[in-house]
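Just coords_20.cif here, mmCIF, C-alpha atoms:
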```
data_structure
#
loop_
_atom_site.group_PDB
_atom_site.id
_atom_site.type_symbol
_atom_site.label_atom_id
_atom_site.label_comp_id
_atom_site.auth_asym_id
_atom_site.auth_seq_id
_atom_site.Cartn_x
_atom_site.Cartn_y
_atom_site.Cartn_z
ATOM 1 C CA MET A 1 0.000 0.000 0.000
ATOM 2 C CA ARG A 2 2.790 2.398 0.973
ATOM 3 C CA THR A 3 4.642 1.519 -2.229
ATOM 4 C CA LEU A 4 1.512 2.311 -4.257
ATOM 5 C CA LYS A 5 1.180 5.737 -2.580
ATOM 6 C CA LEU A 6 4.853 6.464 -3.192
ATOM 7 C CA LEU A 7 4.489 5.448 -6.824
ATOM 8 C CA SER A 8 1.387 7.643 -7.244
ATOM 9 C CA ALA A 9 3.225 10.613 -5.707
ATOM 10 C CA LEU A 10 6.165 10.058 -8.048
ATOM 11 C CA VAL A 11 3.883 9.883 -11.090
ATOM 12 C CA ALA A 12 2.089 13.082 -9.972
ATOM 13 C CA LEU A 13 5.409 14.850 -9.434
ATOM 14 C CA SER A 14 6.779 13.810 -12.808
ATOM 15 C CA LEU A 15 3.562 14.993 -14.492
ATOM 16 C CA LEU A 16 3.801 18.361 -12.760
ATOM 17 C CA ALA A 17 7.419 18.692 -13.820
ATOM 18 C CA SER A 18 6.620 17.864 -17.442
ATOM 19 C CA PRO A 19 6.419 20.755 -19.981
ATOM 20 C CA ALA A 20 2.669 20.287 -20.354
ATOM 21 C CA PHE A 21 2.215 21.543 -16.804
ATOM 22 C CA ALA A 22 4.892 24.199 -16.938
ATOM 23 C CA GLN A 23 4.108 27.852 -16.391
ATOM 24 C CA ILE A 24 5.930 30.989 -17.484
ATOM 25 C CA ALA A 25 7.607 32.315 -14.349
ATOM 26 C CA GLY A 26 6.138 35.306 -12.558
ATOM 27 C CA VAL A 27 3.002 35.540 -14.671
ATOM 28 C CA PRO A 28 -0.326 34.779 -12.966
ATOM 29 C CA ALA A 29 -2.503 32.076 -14.532
ATOM 30 C CA GLY A 30 -5.476 32.956 -16.665
ATOM 31 C CA ALA A 31 -6.120 33.371 -20.370
ATOM 32 C CA ARG A 32 -5.304 36.777 -21.807
ATOM 33 C CA LYS A 33 -5.945 38.310 -25.172
ATOM 34 C CA VAL A 34 -2.718 39.347 -26.872
ATOM 35 C CA LYS A 35 -2.685 41.765 -29.778
ATOM 36 C CA LEU A 36 0.247 41.799 -32.174
ATOM 37 C CA ASN A 37 0.688 45.186 -33.768
ATOM 38 C CA ASP A 38 3.489 47.667 -34.354
ATOM 39 C CA GLN A 39 3.113 49.463 -31.016
ATOM 40 C CA ILE A 40 6.132 47.947 -29.250
ATOM 41 C CA ARG A 41 8.295 47.408 -32.336
ATOM 42 C CA ALA A 42 7.694 47.048 -36.041
ATOM 43 C CA ASN A 43 6.479 43.494 -36.562
ATOM 44 C CA GLN A 44 8.126 42.108 -39.645
ATOM 45 C CA ILE A 45 8.738 38.741 -41.226
ATOM 46 C CA ASP A 46 12.111 38.325 -42.936
ATOM 47 C CA TRP A 47 12.375 35.792 -45.722
ATOM 48 C CA THR A 48 15.121 34.527 -47.981
ATOM 49 C CA SER A 49 14.983 32.653 -51.240
ATOM 50 C CA ALA A 50 18.299 31.000 -51.986
ATOM 51 C CA ALA A 51 18.499 29.639 -55.523
ATOM 52 C CA PRO A 52 21.559 28.742 -57.641
ATOM 53 C CA MET A 53 21.251 31.883 -59.801
ATOM 54 C CA GLU A 54 19.928 34.384 -57.294
ATOM 55 C CA LYS A 55 19.547 35.026 -53.597
ATOM 56 C CA ILE A 56 16.565 37.202 -52.789
ATOM 57 C CA LYS A 57 16.160 38.817 -49.401
ATOM 58 C CA GLY A 58 12.707 40.086 -48.579
ATOM 59 C CA THR A 59 10.524 41.436 -45.838
ATOM 60 C CA ALA A 60 6.853 41.395 -44.967
ATOM 61 C CA PRO A 61 6.129 44.248 -42.577
ATOM 62 C CA GLY A 62 2.916 45.012 -40.689
ATOM 63 C CA VAL A 63 2.392 41.532 -39.278
ATOM 64 C CA LYS A 64 -0.710 41.451 -37.112
ATOM 65 C CA GLY A 65 -2.107 38.868 -34.758
ATOM 66 C CA ASP A 66 -4.814 38.121 -32.253
ATOM 67 C CA LEU A 67 -3.952 35.460 -29.704
ATOM 68 C CA SER A 68 -5.309 33.999 -26.512
ATOM 69 C CA ILE A 69 -2.567 32.821 -24.161
ATOM 70 C CA ASP A 70 -2.743 31.416 -20.655
ATOM 71 C CA PRO A 71 0.816 31.504 -19.247
ATOM 72 C CA ALA A 72 -0.091 28.568 -17.000
ATOM 73 C CA LYS A 73 -1.663 26.545 -19.793
ATOM 74 C CA LEU A 74 0.332 27.264 -22.918
ATOM 75 C CA GLU A 75 -1.009 24.205 -24.712
ATOM 76 C CA ALA A 76 -4.403 25.953 -24.802
ATOM 77 C CA MET A 77 -2.986 28.832 -26.858
ATOM 78 C CA THR A 78 -5.083 29.839 -29.859
ATOM 79 C CA GLY A 79 -4.883 32.651 -32.350
ATOM 80 C CA LYS A 80 -4.111 33.885 -35.799
ATOM 81 C CA PHE A 81 -1.306 35.833 -37.505
ATOM 82 C CA TRP A 82 -1.558 37.589 -40.843
ATOM 83 C CA PHE A 83 0.112 40.095 -43.151
ATOM 84 C CA ALA A 84 -0.684 41.655 -46.514
ATOM 85 C CA VAL A 85 1.020 40.257 -49.620
ATOM 86 C CA MET A 86 1.024 43.778 -51.118
ATOM 87 C CA ASP A 87 3.338 44.940 -48.317
ATOM 88 C CA MET A 88 6.045 42.408 -49.190
ATOM 89 C CA LYS A 89 9.308 43.934 -50.392
ATOM 90 C CA THR A 90 12.484 42.732 -52.096
ATOM 91 C CA GLY A 91 14.261 46.028 -52.797
ATOM 92 C CA ASN A 92 13.184 45.969 -56.457
ATOM 93 C CA THR A 93 9.711 47.298 -57.295
ATOM 94 C CA THR A 94 9.399 45.346 -60.553
ATOM 95 C CA ARG A 95 10.222 42.102 -58.743
ATOM 96 C CA ASP A 96 7.760 43.071 -55.961
ATOM 97 C CA ARG A 97 5.013 43.415 -58.568
ATOM 98 C CA HIS A 98 5.883 39.998 -60.032
ATOM 99 C CA LEU A 99 5.867 38.465 -56.530
ATOM 100 C CA GLN A 100 2.419 39.905 -55.848
ATOM 101 C CA GLY A 101 1.110 39.000 -59.307
ATOM 102 C CA SER A 102 -1.063 36.093 -60.402
ATOM 103 C CA GLU A 103 1.876 33.811 -61.310
ATOM 104 C CA TRP A 104 3.224 33.928 -57.761
ATOM 105 C CA LEU A 105 1.288 34.974 -54.634
ATOM 106 C CA ASN A 106 -1.751 36.423 -56.430
ATOM 107 C CA ALA A 107 -2.379 39.298 -54.002
ATOM 108 C CA GLU A 108 -5.511 40.411 -55.804
ATOM 109 C CA LYS A 109 -7.254 37.088 -55.147
ATOM 110 C CA ASN A 110 -5.498 36.185 -51.887
ATOM 111 C CA PRO A 111 -4.556 39.465 -50.186
ATOM 112 C CA ASN A 112 -3.229 37.970 -46.941
ATOM 113 C CA ILE A 113 -0.925 35.208 -45.799
ATOM 114 C CA THR A 114 -2.252 33.733 -42.557
ATOM 115 C CA PHE A 115 -1.365 31.193 -39.924
ATOM 116 C CA GLU A 116 -4.045 29.982 -37.530
ATOM 117 C CA ILE A 117 -2.975 27.962 -34.484
ATOM 118 C CA ALA A 118 -4.873 24.712 -33.950
ATOM 119 C CA SER A 119 -2.798 23.119 -31.188
ATOM 120 C CA VAL A 120 0.335 23.772 -29.170
ATOM 121 C CA ALA A 121 2.818 21.325 -27.672
ATOM 122 C CA VAL A 122 5.064 22.712 -24.946
ATOM 123 C CA ARG A 123 8.706 21.676 -25.296
ATOM 124 C CA LYS A 124 10.388 23.619 -22.519
ATOM 125 C CA VAL A 125 9.730 26.461 -20.108
ATOM 126 C CA ASP A 126 12.691 28.347 -18.726
ATOM 127 C CA GLY A 127 11.880 31.388 -16.571
ATOM 128 C CA ASP A 128 9.985 33.946 -18.651
ATOM 129 C CA LYS A 129 10.544 32.029 -21.907
ATOM 130 C CA ALA A 130 8.751 29.007 -23.299
ATOM 131 C CA SER A 131 9.590 26.889 -26.328
ATOM 132 C CA VAL A 132 6.552 25.413 -28.003
ATOM 133 C CA ASP A 133 5.594 23.747 -31.264
ATOM 134 C CA ALA A 134 2.577 25.432 -32.785
ATOM 135 C CA THR A 135 0.570 23.369 -35.241
ATOM 136 C CA GLY A 136 -1.925 25.121 -37.418
ATOM 137 C CA SER A 137 -3.193 26.049 -40.801
ATOM 138 C CA MET A 138 -0.898 28.120 -42.997
ATOM 139 C CA GLU A 139 -2.680 29.797 -45.886
ATOM 140 C CA VAL A 140 -0.580 31.058 -48.770
ATOM 141 C CA ASN A 141 -1.841 31.728 -52.302
ATOM 142 C CA GLY A 142 -5.292 30.563 -51.184
ATOM 143 C CA VAL A 143 -3.963 27.102 -50.322
ATOM 144 C CA LYS A 144 -4.214 25.883 -46.732
ATOM 145 C CA LYS A 145 -1.710 23.432 -45.319
ATOM 146 C CA ARG A 146 -1.272 22.083 -41.808
ATOM 147 C CA ILE A 147 2.238 22.761 -40.559
ATOM 148 C CA THR A 148 4.111 22.783 -37.238
ATOM 149 C CA VAL A 149 6.431 25.670 -36.467
ATOM 150 C CA PRO A 150 8.800 26.089 -33.525
ATOM 151 C CA VAL A 151 7.998 29.155 -31.443
ATOM 152 C CA THR A 152 9.791 30.801 -28.547
ATOM 153 C CA LEU A 153 7.460 32.831 -26.385
ATOM 154 C CA SER A 154 8.815 35.498 -24.033
ATOM 155 C CA TRP A 155 6.700 37.326 -21.471
ATOM 156 C CA LYS A 156 7.306 40.653 -19.748
ATOM 157 C CA VAL A 157 4.858 41.544 -16.999
ATOM 158 C CA ALA A 158 3.483 45.107 -17.115
ATOM 159 C CA GLY A 159 5.609 47.504 -15.114
ATOM 160 C CA GLU A 160 7.788 50.555 -15.370
ATOM 161 C CA GLN A 161 9.700 49.205 -18.396
ATOM 162 C CA THR A 162 6.517 48.519 -20.343
ATOM 163 C CA SER A 163 4.685 51.755 -19.505
ATOM 164 C CA ARG A 164 4.695 53.134 -23.073
ATOM 165 C CA VAL A 165 2.324 50.382 -24.248
ATOM 166 C CA ALA A 166 -0.348 49.164 -21.825
ATOM 167 C CA GLY A 167 -0.466 45.525 -20.711
ATOM 168 C CA ASP A 168 2.024 42.688 -20.416
ATOM 169 C CA TRP A 169 4.401 42.432 -23.365
ATOM 170 C CA VAL A 170 4.758 39.229 -25.318
ATOM 171 C CA LYS A 171 7.419 38.331 -27.865
ATOM 172 C CA ILE A 172 7.182 35.533 -30.408
ATOM 173 C CA ASP A 173 10.240 34.216 -32.242
ATOM 174 C CA THR A 174 10.051 31.669 -35.008
ATOM 175 C CA LYS A 175 12.110 30.228 -37.853
ATOM 176 C CA PHE A 176 10.920 27.726 -40.407
ATOM 177 C CA ASP A 177 10.980 26.849 -44.102
ATOM 178 C CA LEU A 178 8.047 26.947 -46.475
ATOM 179 C CA LYS A 179 7.939 24.896 -49.682
ATOM 180 C CA LEU A 180 6.441 26.802 -52.626
ATOM 181 C CA ALA A 181 5.057 23.609 -54.192
ATOM 182 C CA ASP A 182 2.991 22.942 -51.039
ATOM 183 C CA TYR A 183 1.027 26.118 -51.780
ATOM 184 C CA LYS A 184 0.774 25.617 -55.550
ATOM 185 C CA ILE A 185 3.118 28.525 -56.252
ATOM 186 C CA ALA A 186 4.590 27.627 -59.620
ATOM 187 C CA GLY A 187 5.801 31.018 -60.806
ATOM 188 C CA LYS A 188 7.073 31.636 -64.312
ATOM 189 C CA ALA A 189 8.170 28.419 -66.039
ATOM 190 C CA GLY A 190 11.700 27.395 -65.095
ATOM 191 C CA VAL A 191 12.208 30.090 -62.465
ATOM 192 C CA VAL A 192 11.574 28.018 -59.310
ATOM 193 C CA GLY A 193 14.746 26.084 -58.637
ATOM 194 C CA SER A 194 16.949 28.415 -60.684
ATOM 195 C CA LYS A 195 16.271 32.033 -59.690
ATOM 196 C CA VAL A 196 13.803 31.385 -56.870
ATOM 197 C CA GLY A 197 14.393 28.737 -54.217
ATOM 198 C CA GLU A 198 12.041 25.771 -53.946
ATOM 199 C CA SER A 199 11.888 26.535 -50.206
ATOM 200 C CA ILE A 200 11.710 29.952 -48.590
ATOM 201 C CA ALA A 201 13.447 30.451 -45.237
ATOM 202 C CA ILE A 202 11.260 32.466 -42.902
ATOM 203 C CA SER A 203 12.144 34.108 -39.628
ATOM 204 C CA ALA A 204 10.200 36.514 -37.471
ATOM 205 C CA THR A 205 10.384 38.303 -34.175
ATOM 206 C CA LEU A 206 6.958 39.657 -33.345
ATOM 207 C CA TYR A 207 5.848 41.783 -30.421
ATOM 208 C CA GLY A 208 2.441 42.124 -28.860
ATOM 209 C CA HIS A 209 0.741 43.192 -25.667
ATOM 210 C CA THR A 210 -2.142 41.954 -23.590
ATOM 211 C CA VAL A 211 -5.432 43.784 -23.966
ATOM 212 C CA GLN A 212 -8.530 43.852 -21.780
ATOM 213 C CA MET B 1 33.482 58.441 -87.041
ATOM 214 C CA LYS B 2 31.314 55.294 -86.932
ATOM 215 C CA ALA B 3 34.248 53.215 -85.733
ATOM 216 C CA LYS B 4 34.895 55.708 -82.922
ATOM 217 C CA LEU B 5 31.228 55.567 -81.898
ATOM 218 C CA ALA B 6 31.442 51.758 -81.928
ATOM 219 C CA LEU B 7 34.429 51.932 -79.573
ATOM 220 C CA VAL B 8 32.464 54.245 -77.251
ATOM 221 C CA ALA B 9 29.562 51.743 -77.257
ATOM 222 C CA PHE B 10 31.935 48.848 -76.422
ATOM 223 C CA ALA B 11 33.553 50.945 -73.673
ATOM 224 C CA LEU B 12 30.136 51.782 -72.178
ATOM 225 C CA ALA B 13 29.174 48.088 -72.262
ATOM 226 C CA GLY B 14 32.427 47.266 -70.468
ATOM 227 C CA ALA B 15 31.758 49.977 -67.889
ATOM 228 C CA LEU B 16 28.274 48.552 -67.330
ATOM 229 C CA VAL B 17 29.693 45.056 -66.715
ATOM 230 C CA ALA B 18 32.388 46.496 -64.418
ATOM 231 C CA THR B 19 29.774 48.449 -62.414
ATOM 232 C CA TRP B 20 27.713 45.277 -62.053
ATOM 233 C CA ALA B 21 30.780 43.286 -60.949
ATOM 234 C CA PHE B 22 31.835 45.879 -58.360
ATOM 235 C CA THR B 23 28.345 46.395 -56.896
ATOM 236 C CA GLY B 24 27.731 42.851 -55.801
ATOM 237 C CA MET B 25 26.908 40.995 -59.048
ATOM 238 C CA HIS B 26 23.186 40.903 -58.309
ATOM 239 C CA ALA B 27 20.895 39.002 -60.623
ATOM 240 C CA ALA B 28 18.207 41.710 -60.376
ATOM 241 C CA THR B 29 18.753 45.427 -59.917
ATOM 242 C CA GLN B 30 18.371 46.531 -56.313
ATOM 243 C CA PHE B 31 16.888 49.990 -55.767
ATOM 244 C CA GLU B 32 16.943 49.554 -52.016
ATOM 245 C CA GLN B 33 19.490 47.747 -49.895
ATOM 246 C CA GLN B 34 18.639 45.606 -46.912
ATOM 247 C CA VAL B 35 20.566 46.777 -43.874
ATOM 248 C CA GLU B 36 20.865 44.613 -40.755
ATOM 249 C CA ILE B 37 20.837 46.396 -37.406
ATOM 250 C CA THR B 38 21.738 44.310 -34.367
ATOM 251 C CA GLU B 39 20.544 45.666 -31.042
ATOM 252 C CA LYS B 40 19.087 44.687 -27.668
ATOM 253 C CA ASP B 41 15.318 44.690 -27.550
ATOM 254 C CA GLU B 42 12.999 45.523 -24.653
ATOM 255 C CA PHE B 43 13.213 41.889 -23.505
ATOM 256 C CA GLY B 44 16.995 42.127 -23.146
ATOM 257 C CA ASP B 45 17.573 39.824 -26.124
ATOM 258 C CA THR B 46 19.894 40.584 -29.031
ATOM 259 C CA VAL B 47 17.804 40.943 -32.163
ATOM 260 C CA THR B 48 18.636 41.744 -35.787
ATOM 261 C CA ARG B 49 16.308 44.284 -37.346
ATOM 262 C CA LYS B 50 16.263 44.502 -41.146
ATOM 263 C CA GLU B 51 15.607 47.847 -42.782
ATOM 264 C CA TRP B 52 15.499 49.049 -46.385
ATOM 265 C CA ARG B 53 17.633 51.996 -47.390
ATOM 266 C CA ALA B 54 17.882 53.657 -50.786
ATOM 267 C CA GLY B 55 20.829 52.222 -52.697
ATOM 268 C CA PHE B 56 21.169 51.348 -56.375
ATOM 269 C CA GLN B 57 22.959 48.149 -57.346
ATOM 270 C CA LEU B 58 22.871 47.126 -60.985
ATOM 271 C CA GLY B 59 21.425 43.724 -61.821
ATOM 272 C CA LEU B 60 22.433 41.231 -64.516
ATOM 273 C CA MET B 61 19.014 40.199 -65.815
ATOM 274 C CA ASP B 62 17.260 43.568 -65.864
ATOM 275 C CA GLY B 63 20.271 45.835 -66.484
ATOM 276 C CA VAL B 64 23.526 44.418 -67.749
ATOM 277 C CA LEU B 65 22.123 41.883 -70.238
ATOM 278 C CA GLY B 66 19.739 44.386 -71.846
ATOM 279 C CA GLY B 67 21.878 47.513 -71.640
ATOM 280 C CA GLY B 68 25.243 45.867 -72.234
ATOM 281 C CA GLY B 69 23.878 43.631 -74.984
ATOM 282 C CA GLY B 70 22.239 46.612 -76.675
ATOM 283 C CA LEU B 71 25.454 48.632 -76.593
ATOM 284 C CA ILE B 72 27.488 45.733 -78.005
ATOM 285 C CA GLY B 73 24.859 45.288 -80.742
ATOM 286 C CA VAL B 74 25.009 48.987 -81.623
ATOM 287 C CA GLY B 75 28.820 48.783 -81.676
ATOM 288 C CA ILE B 76 28.773 45.799 -84.043
ATOM 289 C CA VAL B 77 26.297 47.508 -86.389
ATOM 290 C CA LEU B 78 28.399 50.695 -86.384
ATOM 291 C CA LEU B 79 31.557 48.720 -87.151
ATOM 292 C CA PHE B 80 29.769 46.911 -90.004
ATOM 293 C CA LEU B 81 28.501 50.228 -91.431
ATOM 294 C CA ASP B 82 31.979 51.717 -91.127
ATOM 295 C CA ARG B 83 33.564 48.818 -93.007
ATOM 296 C CA ARG B 84 30.890 48.941 -95.706
ATOM 297 C CA ALA B 85 31.413 52.688 -96.157
ATOM 298 C CA LYS B 86 35.187 52.184 -96.405
ATOM 299 C CA ARG B 87 34.755 49.404 -98.972
ATOM 300 C CA ALA B 88 32.371 51.528 -101.056
ATOM 301 C CA ALA B 89 34.884 54.381 -101.004
#
```
Show the structure stored in the file as structure tokens.
Amino acid sequence: MRTLKLLSALVALSLLASPAFAQIAGVPAGARKVKLNDQIRANQIDWTSAAPMEKIKGTAPGVKGDLSIDPAKLEAMTGKFWFAVMDMKTGNTTRDRHLQGSEWLNAEKNPNITFEIASVAVRKVDGDKASVDATGSMEVNGVKKRITVPVTLSWKVAGEQTSRVAGDWVKIDTKFDLKLADYKIAGKAGVVGSKVGESIAISATLYGHTVQ
Amino acid sequence: MKAKLALVAFALAGALVATWAFTGMHAATQFEQQVEITEKDEFGDTVTRKEWRAGFQLGLMDGVLGGGGGLIGVGIVLLFLDRRAKRAA
């Protein structure tokens, strides 16, 4: 009987210590709405296409997002990120127009690129940072695909340092690759694989704040 | 005269290729340059911010091939016309 109790206590302890039960340090439990906008810093996605004939560096500014995050229950995180295809830049206006045109991202028909979180798996929580895998629906060029992206979440509780924007501050870091073929982006014949990479490397550091 | 103009065209084509080679050998012309700024953010983390700044860098596909090729073509035509004129004289 004593052995059974000891075993149960050990199982309970190991469950509590597992990432699924981890909580971001110093942040009270409870779901909060988090708004990603440009109030703390300019929210921008950086992307790179590395192809044998050309390396294109680009940006997608004005990334927005609406999230619901409970620092004590990160696996319950939900929300959506999006940005406008027309805001994407490569440093060459003609190339920007091609990128936004019907052969590539078709901004007229599909004005936004979005990612909607469906589920979150917590990998690690270390102080005010948490590493999670966010699985959700990525929509590019009107094509939706379920993908999992690694995300590092940082939390800064409202205080003197965050006084210029109301609420707790939240930072989201991510890096992942996106295959053009997965989203039926064919481009001009012969260009993908020579001048445009088959995969696009994406990285983003996004800032948001909790709202009432 | 035509031969001299042809030489000028070839020289301009060469200058175009040299400009392209010395400004990074980009495939497409860059009208803005991406600048990376590394700094500490409000969370105390080092982050790299990418900004666009005005800066022209000639590209191969939309600059050198068209412009340089055109100049070489003009030079060849001028040389041909010069030779024909000399032969006729």
* Asked: Could you pull the residues within 8 Å of range 62-72 of chain B, counting all atoms listed in the file, minus those fewer than 3 positions along the same chain, as JSON, numbers by chain?
  -> {"B": [9, 10, 12, 13, 14, 16, 17, 20, 27, 28, 29, 58, 59, 75, 76]}
* Could you write out as a list of chain:residue names the residues that the PyMOL selection byres ((chain B) within 6 of (chain A)) matches in the shown file? ->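 Taken over the shown coordinates, the PyMOL selection byres ((chain B) within 6 of (chain A)) returns B:Ala27, B:Gln30, B:Phe31, B:Glu32.
Relative to CA of Ser102 in chain A, CA of Val85 in chain A is found at 11.7 Å.
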* Could you please determine the separation between CA of Val149 in chain A and CA of Val192 in chain A in Å, to one decimal place? => 23.5 Å
* Asked: When you draw a straight line from CA of Ala181 in chain A to CA of Thr48 in chain A, how long is it in Å?
  -> 16.1 Å
* Point out the residue among B:Ala11, B:Ala18, B:Val47, B:Met1 with the least atom-to-atom distance to Leu60 in chain B, counting all atoms listed in the file. =>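 Among the listed residues, the smallest separation from Leu60 in chain B belongs to B:Ala18.
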* To do: Tell me which residues the PyMOL selection byres ((chain B and resi 38) around 8) grabs here, as number ranges by chain.
  => B: 36-37, 39-40, 46-49
* Selection result of the PyMOL selection byres ((chain A and resi 110-127) around 6) on this file, as an MDAnalysis selection string -> chainID A and resid 19:20 25 75 78:85 106:109 128:142
Put the listed atoms of range 79-84 of chain A in a box along x, y and z with 6 Å added on every side and give me the centre and edge lengths in Å to one decimal, as AutoDock Vina command-line options.
```
--center_x -2.4 --center_y 37.2 --center_z -39.4 --size_x 17.0 --size_y 21.0 --size_z 26.2
```
* **Using only C-alpha atoms: which of A:Val191, A:Ala201, A:Met88, A:Ile172 has the shortest distance to Ile69 in chain A** =>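 Checking each of A:Val191, A:Ala201, A:Met88, A:Ile172 against Ile69 in chain A, counting only C-alpha atoms, the winner is A:Ile172.
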So that I can see what lies close to Gly190 in chain A, please list as an mmCIF file with C-alpha atoms, keeping the file's coordinate frame the residues with an atom at most 12 Å from it, counting all atoms listed in the file and leaving out residues fewer than 6 positions away in the same chain.
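Generated file (around-v8.cif):
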```
data_model
loop_
_atom_site.group_PDB
_atom_site.id
_atom_site.type_symbol
_atom_site.label_atom_id
_atom_site.label_comp_id
_atom_site.auth_asym_id
_atom_site.auth_seq_id
_atom_site.Cartn_x
_atom_site.Cartn_y
_atom_site.Cartn_z
ATOM 1 C CA ALA A 51 18.499 29.639 -55.523
ATOM 2 C CA MET A 53 21.251 31.883 -59.801
ATOM 3 C CA VAL A 196 13.803 31.385 -56.870
ATOM 4 C CA GLY A 197 14.393 28.737 -54.217
ATOM 5 C CA GLU A 198 12.041 25.771 -53.946
#
```
